[in-house]
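One file, final06.tsv, carrying TSV, C-alpha atoms:
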```tsv
chain	number	residue	atom	x	y	z
A	1	MET	CA	24.69	51.95	25.13
A	2	THR	CA	27.47	53.93	26.80
A	3	ARG	CA	26.68	57.01	24.72
A	4	PHE	CA	23.02	56.76	25.64
A	5	LEU	CA	23.83	56.55	29.36
A	6	LEU	CA	26.27	59.46	29.06
A	7	ALA	CA	23.63	61.57	27.31
A	8	LEU	CA	21.07	60.62	29.96
A	9	VAL	CA	23.43	61.54	32.81
A	10	LEU	CA	24.32	64.89	31.18
A	11	THR	CA	20.65	65.70	30.60
A	12	ALA	CA	19.75	64.84	34.19
A	13	THR	CA	22.66	66.91	35.50
A	14	LEU	CA	21.68	69.95	33.43
A	15	ALA	CA	18.04	69.65	34.44
A	16	GLY	CA	19.01	69.21	38.09
A	17	CYS	CA	21.08	72.39	38.21
A	18	GLY	CA	18.22	74.49	36.79
A	19	PHE	CA	19.58	74.96	33.28
A	20	HIS	CA	17.00	75.52	30.57
A	21	LEU	CA	17.01	77.08	27.14
A	22	ARG	CA	16.03	80.72	27.08
A	23	ASN	CA	12.78	81.52	25.34
A	24	LYS	CA	12.71	84.38	22.90
A	25	LEU	CA	12.01	87.79	24.37
A	26	MET	CA	8.29	88.45	24.41
A	27	LEU	CA	7.30	92.07	23.89
A	28	PRO	CA	3.94	93.45	25.07
A	29	ALA	CA	1.14	93.04	22.54
A	30	ASP	CA	0.53	96.79	22.37
A	31	THR	CA	4.13	97.54	21.36
A	32	ALA	CA	4.11	99.86	18.38
A	33	ALA	CA	6.51	99.70	15.49
A	34	VAL	CA	10.07	100.34	16.63
A	35	GLN	CA	12.66	102.36	14.77
A	36	VAL	CA	16.34	101.85	15.60
A	37	VAL	CA	18.06	105.23	15.35
A	38	SER	CA	21.83	105.22	15.58
A	39	SER	CA	24.63	107.71	15.05
A	40	ALA	CA	26.18	104.94	12.93
A	41	PRO	CA	23.13	103.44	11.16
A	42	TYR	CA	25.10	100.70	9.39
A	43	SER	CA	27.01	99.56	12.46
A	44	GLU	CA	26.93	95.93	13.51
A	45	LEU	CA	25.11	96.90	16.72
A	46	ALA	CA	22.28	98.62	14.84
A	47	LYS	CA	21.87	95.61	12.54
A	48	LEU	CA	21.84	93.19	15.48
A	49	LEU	CA	19.32	95.32	17.39
A	50	ARG	CA	16.96	95.36	14.39
A	51	ARG	CA	17.35	91.61	13.93
A	52	GLY	CA	16.79	90.91	17.65
A	53	LEU	CA	13.69	93.10	17.83
A	54	GLN	CA	12.27	91.47	14.72
A	55	ALA	CA	12.93	87.99	16.15
A	56	SER	CA	11.04	89.06	19.29
A	57	GLY	CA	7.95	89.89	17.28
A	58	ALA	CA	8.37	93.66	17.06
A	59	GLN	CA	7.53	95.49	13.87
A	60	ILE	CA	10.55	97.39	12.60
A	61	ALA	CA	9.62	100.82	11.26
A	62	ASP	CA	11.15	101.99	8.01
A	63	PRO	CA	13.63	104.85	8.66
A	64	GLU	CA	12.20	106.86	5.73
A	65	SER	CA	8.62	106.40	6.92
A	66	LYS	CA	6.80	109.51	8.17
A	67	ASP	CA	4.60	107.42	10.50
A	68	LYS	CA	5.17	107.81	14.23
A	69	ALA	CA	7.07	104.93	15.79
A	70	ALA	CA	8.76	104.16	19.07
A	71	GLN	CA	12.48	104.81	18.86
A	72	LEU	CA	15.44	102.97	20.27
A	73	GLN	CA	18.07	105.70	20.07
A	74	VAL	CA	21.70	104.64	20.23
A	75	MET	CA	23.52	107.89	20.95
A	76	SER	CA	27.06	106.55	20.86
A	77	GLU	CA	29.25	103.47	20.78
A	78	ASN	CA	32.74	103.74	22.22
A	79	TRP	CA	35.61	101.26	21.95
A	80	GLY	CA	38.82	101.58	23.89
A	81	ASP	CA	41.78	99.67	25.19
A	82	LEU	CA	44.04	100.49	28.08
A	83	PRO	CA	47.27	98.76	29.13
A	84	ILE	CA	46.90	97.58	32.72
A	85	ALA	CA	50.27	95.86	33.21
A	86	ILE	CA	53.68	96.58	31.72
A	87	ASP	CA	57.01	94.76	31.91
A	88	ALA	CA	60.45	96.16	32.87
A	89	GLN	CA	60.98	97.42	29.29
A	90	GLY	CA	57.70	99.35	29.34
A	91	ARG	CA	55.84	97.00	26.98
A	92	ALA	CA	52.21	96.24	27.73
A	93	GLN	CA	51.58	92.70	28.97
A	94	GLU	CA	47.88	93.01	29.83
A	95	TYR	CA	45.14	95.09	28.27
A	96	SER	CA	41.64	96.04	29.30
A	97	LEU	CA	39.19	96.28	26.38
A	98	ARG	CA	36.09	98.40	26.91
A	99	TYR	CA	32.93	98.80	24.87
A	100	ALA	CA	30.25	101.26	25.96
A	101	VAL	CA	26.86	102.08	24.43
A	102	ILE	CA	24.68	105.03	25.42
A	103	PHE	CA	21.00	104.62	24.53
A	104	LYS	CA	17.42	105.52	25.41
A	105	PHE	CA	13.99	104.28	24.33
A	106	LEU	CA	11.22	106.71	23.40
A	107	ARG	CA	7.50	106.02	23.00
A	108	GLU	CA	5.60	107.06	19.88
A	109	ASP	CA	4.65	110.37	21.49
A	110	GLY	CA	8.29	111.19	22.32
A	111	SER	CA	8.12	110.51	26.05
A	112	GLU	CA	10.89	108.41	27.57
A	113	LEU	CA	10.09	104.79	28.31
A	114	VAL	CA	13.70	103.96	29.21
A	115	PRO	CA	15.81	106.98	30.23
A	116	GLN	CA	19.33	107.45	28.91
A	117	GLN	CA	21.56	104.63	30.11
A	118	VAL	CA	25.07	103.33	29.57
A	119	ILE	CA	25.91	99.67	29.08
A	120	GLU	CA	29.60	98.94	29.39
A	121	LEU	CA	31.47	95.70	28.78
A	122	SER	CA	35.03	95.21	29.91
A	123	ARG	CA	37.40	92.32	29.25
A	124	ASP	CA	41.01	91.90	30.28
A	125	TYR	CA	43.45	89.86	28.26
A	126	VAL	CA	47.12	88.93	28.47
A	127	SER	CA	49.38	89.74	25.52
A	128	PRO	CA	52.92	88.50	26.13
A	129	PRO	CA	55.35	90.90	24.41
A	130	THR	CA	57.47	87.95	23.25
A	131	ASP	CA	54.64	87.07	20.84
A	132	ALA	CA	54.65	90.53	19.26
A	133	THR	CA	55.55	90.69	15.60
A	134	GLY	CA	58.01	93.23	14.29
A	135	THR	CA	60.25	93.27	17.39
A	136	THR	CA	63.91	92.33	17.52
```
Go ahead and render the structure in this file as structure tokens.
Amino acid sequence: MTRFLLALVLTATLAGCGFHLRNKLMLPADTAAVQVVSSAPYSELAKLLRRGLQASGAQIADPESKDKAAQLQVMSENWGDLPIAIDAQGRAQEYSLRYAVIFKFLREDGSELVPQQVIELSRDYVSPPTDATGTT
């Protein structure tokens, strides 16, 4: 009985704050086949983009196909880390991790539907130098 009441209270709380499960992305019905073109075609991002588009109902064009298809072009993916705090001995204590993707989306005729854009993610994390391996 207690579990039931707890589940009921949690459900009511989530519904009251506006939380709801996200529906899958719905693409327009006239969307042509989409080809994901990447400078690194076997990267995890390219695979996830193909899988996400397919789950949204898009037809994924075969890369070897000569048929015209809309293209999601991933020009570059960049990873980087930068120390943002150091201790008195000059060892990094905090890092900033960055991931940036440059992309654009072209229609079948080659015109731009989405102009070239950059999406950048940044996360900071603490790395105490006392936890480092290989130090004395």
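Within the 8 Å cut-off around segment 88-97 of chain A, using only C-alpha atoms and omitting residues fewer than 2 positions from it on the same chain, the listed residues are Trp79, Gly80, Asp81, Leu82, Pro83, Ile84, Ala85, Ile86, Tyr99, Ser122, Arg123, Asp124, Tyr125, Val126, Ser127, Pro128 and Pro129 of chain A.
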Please write the residues from the selection above to a file, keeping C-alpha atoms, as an mmCIF file, in the coordinates of the input.
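Okay, again-v3.cif is ready:
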```
data_model
loop_
_atom_site.group_PDB
_atom_site.id
_atom_site.type_symbol
_atom_site.label_atom_id
_atom_site.label_comp_id
_atom_site.auth_asym_id
_atom_site.auth_seq_id
_atom_site.Cartn_x
_atom_site.Cartn_y
_atom_site.Cartn_z
ATOM 1 C CA TRP A 79 35.610 101.260 21.950
ATOM 2 C CA GLY A 80 38.820 101.580 23.890
ATOM 3 C CA ASP A 81 41.780 99.670 25.190
ATOM 4 C CA LEU A 82 44.040 100.490 28.080
ATOM 5 C CA PRO A 83 47.270 98.760 29.130
ATOM 6 C CA ILE A 84 46.900 97.580 32.720
ATOM 7 C CA ALA A 85 50.270 95.860 33.210
ATOM 8 C CA ILE A 86 53.680 96.580 31.720
ATOM 9 C CA TYR A 99 32.930 98.800 24.870
ATOM 10 C CA SER A 122 35.030 95.210 29.910
ATOM 11 C CA ARG A 123 37.400 92.320 29.250
ATOM 12 C CA ASP A 124 41.010 91.900 30.280
ATOM 13 C CA TYR A 125 43.450 89.860 28.260
ATOM 14 C CA VAL A 126 47.120 88.930 28.470
ATOM 15 C CA SER A 127 49.380 89.740 25.520
ATOM 16 C CA PRO A 128 52.920 88.500 26.130
ATOM 17 C CA PRO A 129 55.350 90.900 24.410
#
```
Computed interatomic separation between atom CA of Gln116 of chain A and atom CA of Arg50 of chain A (Å):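 Value for the atom CA of Gln116 of chain A-atom CA of Arg50 of chain A distance: 19.0 Å.
Closest approach to Ala69 of chain A among A:Glu44, A:Glu108, A:Glu120, A:Asp87: A:Glu108, based on all atoms listed in the file.
Going from atom CA of Gln54 of chain A to atom CA of Ala100 of chain A covers 23.4 Å.
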Distance query 12 Å from (14.5, 104.0, 4.5) using all atoms listed in the file, result as a PyMOL selection string: chain A and resi 35-37+41+60-66
Point-to-point distance from atom CA of Ser111 of chain A to atom CA of Ser39 of chain A, Å rounded to tenths: 20.0 Å
Could you give me the centre and size, in Å to one decimal, of an axis-aligned box around all listed atoms of segment 57-62 of chain A with 8 Å added on every side, as lines of an AutoDock Vina configuration file?
```
center_x = 9.3
center_y = 95.9
center_z = 12.6
size_x = 19.6
size_y = 28.1
size_z = 25.3
```
Selected residue of minimal separation from Phe103 of chain A among A:Ala15, A:Ala55, A:Ala32, A:Val74, counting all atoms listed in the file: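 Looking only at the distances to Phe103 of chain A, the closest residue turns out to be A:Val74.
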